[in-house]
Amino acid sequence: MIVDSHAHLDFEPYDPDRETVILRARAVGVVAIINVGTDLESSRDSVALAEKYDFIYAAVGVHPHDAKTLTPAVREELCALARHPKVIAIGEIGLDYYRDLSPRPVQRQVFADLLVLAAEVGLPVIIHCRDAWGDTLAILRDWKGSGVLHSYSGGPEHLEEVLAMGFHIGLSGPVTYAQAPRLQAVAAAVPLDRLLVETDCPYLTPEPYRGRRNEPAYVWYVAGAVARARGITAAEVARATTANAARLFRLSGLGNKTRSRESEKGGFSDFFPIDFSEEMC
Ligand SMILES: [Zn+2]
């Protein structure tokens with residue numbers, strides 16, 4: 001079994017076949033999917049998905065791209081949504097200085113404010129950081145809580161401080177790319193009990209599907225690339241990252257959703273051209 005710790009199944013690319021994509025994930029042993037909100041509307045949609053499917057959980061938050069949409073009324077509704085039993089994190093929140101879709105001072109203020117909200121409701125955070133390491137780390141130094149740096153892009157040089165602050169590292173599709181040796185070095189260096197795997201679907205599609213729409217079933221390819229970087233099996237990566245996600249996000253009942261090895265193997269080999277089935281736990 002495996003957990004996709006970051007997905008956006010509420011997004012429009014899944015409108016034609018959302019149910020099929022979700023059932024395909026379950027058929028290949030994905031035992032939990034965390035669907036992550038990017039603004040108020042997608043936070044609401046994430047909660048609705050989590051209400052519909054027992055193995056989908058929701059995070060609610062405002063992405064740095066949308067930071068300028070955080071009004072007091074939006075914050076109040078996010079705070080109410082955060083108390084829903086299937087909401088297990090505040091996210092995604094953070095800083096993105098690569099695209100700069102909200103002014104940087106607004107991004108910083110909203111990030112800090114949503115960290116306060118996470119502390120108020122007692123939830124971990126899912127952090128997006130792109131080309132903003134100095135300010136992200138400066139803001140996190142003043143905050144006491146747990147969470148994950150999702151789709152980690154920081155390279156090995158920021159790892160020590162992020163790990164010392166107690167954060168987890170989320171790895172996604174780019175770790176499968178041949179031209180990403182820095183990410184593979186990160187995959188090898190992070191302590192196994194601090195790693196999460198994710199798809200960030202519909203974005204960041206792993207090899208061998210790069211360029212097409214991503215989906216939670218492909219999280220196995222991320223686990224496979226992490227396993228290769230560490231010289232262990234995909235099953236070990238899946239087992240460890242599932243336990244880490246269950247602990248960090250307090251996913252109750254995850255152990256009850258373990259599927260039999262046989263049923264996983266069947267579903268898996270039906271779907272995947274690369275056979276990891278021997279490595280699945
Ligand atoms: Zn995301």
# chains A, B, ... in the order shown; residues from 1 in each chain; ligands from 1
>>> select_by_dssp(residues="segment 19-224 of chain A", states="helix (DSSP H, G or I)", output="VMD selection string")
chain A and resid 19 to 27 40 to 52 64 to 69 72 to 81 104 to 121 133 to 141 156 to 164 173 to 176 181 to 189 192 to 194 216 to 224
>>> closest_atom_pairs(of="chain A", to="ligand 1", cutoff="8 Å", atoms="only C-alpha atoms and all ligand atoms", output="CSV")
residue,atom,partner,partner_atom_place_in_ligand_line,distance
A:His6,CA,ligand 1,1 (Zn),6.3
A:Ala7,CA,ligand 1,1 (Zn),6.4
A:His8,CA,ligand 1,1 (Zn),6.6
A:Val36,CA,ligand 1,1 (Zn),6.5
A:Gly37,CA,ligand 1,1 (Zn),7.9
A:Thr38,CA,ligand 1,1 (Zn),7.4
A:Glu92,CA,ligand 1,1 (Zn),6.6
A:His128,CA,ligand 1,1 (Zn),7.4
A:His150,CA,ligand 1,1 (Zn),7.7
A:Ser151,CA,ligand 1,1 (Zn),7.9
A:Asp200,CA,ligand 1,1 (Zn),5.0
A:Cys201,CA,ligand 1,1 (Zn),7.5
>>> atom_distance(atom1="atom CA of Ala32 of chain A", atom2="atom CA of Val219 of chain A")
11.3 Å
>>> closest_residue(among="A:Ser46, A:Thr205, A:Ser252, A:Thr71", to="Asp10 of chain A", atoms="only C-alpha atoms")
A:Ser46
>>> atom_distance(atom1="atom CA of Ala73 of chain A", atom2="atom CA of Ala59 of chain A")
18.3 Å
>>> residues_around(residues="Arg212 of chain A", least_positions_apart="4", cutoff="12 Å", atoms="only C-alpha atoms", output="short mmCIF file (atom, residue, chain, number, x, y, z; two decimals) with C-alpha atoms, in the first residue's frame")
data_model
loop_
_atom_site.label_atom_id
_atom_site.label_comp_id
_atom_site.auth_asym_id
_atom_site.auth_seq_id
_atom_site.Cartn_x
_atom_site.Cartn_y
_atom_site.Cartn_z
CA PRO A 13 -8.68 18.01 -16.10
CA GLY A 173 7.45 13.20 -10.39
CA CYS A 201 -1.38 15.64 -9.99
CA PRO A 202 -2.43 16.79 -12.55
CA TYR A 203 1.05 18.37 -12.68
CA LEU A 204 4.59 16.95 -12.52
CA THR A 205 3.85 13.64 -14.23
CA PRO A 206 6.58 11.05 -13.58
CA GLU A 207 8.39 9.07 -16.21
CA PRO A 208 7.29 7.15 -18.25
CA TYR A 218 1.49 7.03 -10.71
#
>>> residues_around(residues="Thr69 of chain A", least_positions_apart="2", cutoff="10 Å", atoms="only C-alpha atoms", output="compact mmCIF listing (two decimals) with N, CA and C atoms, in the first residue's frame")
# COMPACT_ATOMS: atom_id res chain seq x y z
N ASP A 39 -7.28 27.40 -2.96
CA ASP A 39 -8.01 28.63 -2.61
C ASP A 39 -9.28 28.18 -1.90
N LEU A 40 -10.17 29.11 -1.60
CA LEU A 40 -11.37 28.72 -0.83
C LEU A 40 -12.21 27.71 -1.61
N VAL A 62 -4.63 28.36 1.13
CA VAL A 62 -4.54 29.29 0.00
C VAL A 62 -3.10 29.25 -0.52
N HIS A 63 -2.97 28.83 -1.77
CA HIS A 63 -1.68 28.74 -2.46
C HIS A 63 -1.06 30.13 -2.58
N PRO A 64 0.27 30.22 -2.55
CA PRO A 64 0.87 31.56 -2.70
C PRO A 64 0.43 32.28 -3.97
N HIS A 65 0.15 31.54 -5.05
CA HIS A 65 -0.36 32.20 -6.26
C HIS A 65 -1.64 32.99 -5.98
N ASP A 66 -2.45 32.44 -5.05
CA ASP A 66 -3.77 33.02 -4.77
C ASP A 66 -3.79 33.83 -3.48
N ALA A 67 -2.60 34.14 -2.96
CA ALA A 67 -2.51 34.78 -1.64
C ALA A 67 -3.38 36.02 -1.56
N THR A 71 -9.18 37.05 2.22
CA THR A 71 -9.86 38.12 2.98
C THR A 71 -10.18 37.57 4.37
N PRO A 72 -10.57 38.44 5.30
CA PRO A 72 -10.99 37.93 6.62
C PRO A 72 -12.13 36.91 6.52
N VAL A 74 -12.71 34.83 4.00
CA VAL A 74 -12.14 33.57 3.49
C VAL A 74 -11.42 32.85 4.63
N ARG A 75 -10.67 33.61 5.41
CA ARG A 75 -9.94 32.99 6.53
C ARG A 75 -10.92 32.33 7.51
N SER A 102 1.10 36.54 -6.87
CA SER A 102 0.63 37.51 -5.87
C SER A 102 1.86 38.30 -5.44
N VAL A 106 2.48 40.31 0.15
CA VAL A 106 1.19 39.67 0.43
C VAL A 106 1.39 38.18 0.67
N VAL A 110 0.34 36.34 4.14
CA VAL A 110 -0.68 35.28 4.11
C VAL A 110 -0.08 33.96 4.60
>>> closest_residue(among="A:Arg250, A:Ala217, A:Thr136, A:Gly231", to="Arg24 of chain A", atoms="only C-alpha atoms")
A:Ala217
>>> atom_distance(atom1="atom CA of Ala132 of chain A", atom2="atom CA of Pro105 of chain A")
12.2 Å
>>> closest_atom_pairs(of="segment 104-168 of chain A", to="segment 175-187 of chain A", cutoff="9 Å", atoms="only C-alpha atoms", output="CSV")
residue,atom,partner,partner_atom,distance
A:Tyr152,CA,A:Leu183,CA,8.1
A:Ser153,CA,A:Leu183,CA,7.3
A:Gly154,CA,A:Leu183,CA,8.5
A:Gly155,CA,A:Arg182,CA,5.7
A:Pro156,CA,A:Val186,CA,5.4
A:Leu159,CA,A:Val186,CA,7.8
>>> closest_residue(among="A:Ala223, A:Arg130, A:Pro174, A:Ala235", to="Arg210 of chain A", atoms="only C-alpha atoms")
A:Pro174
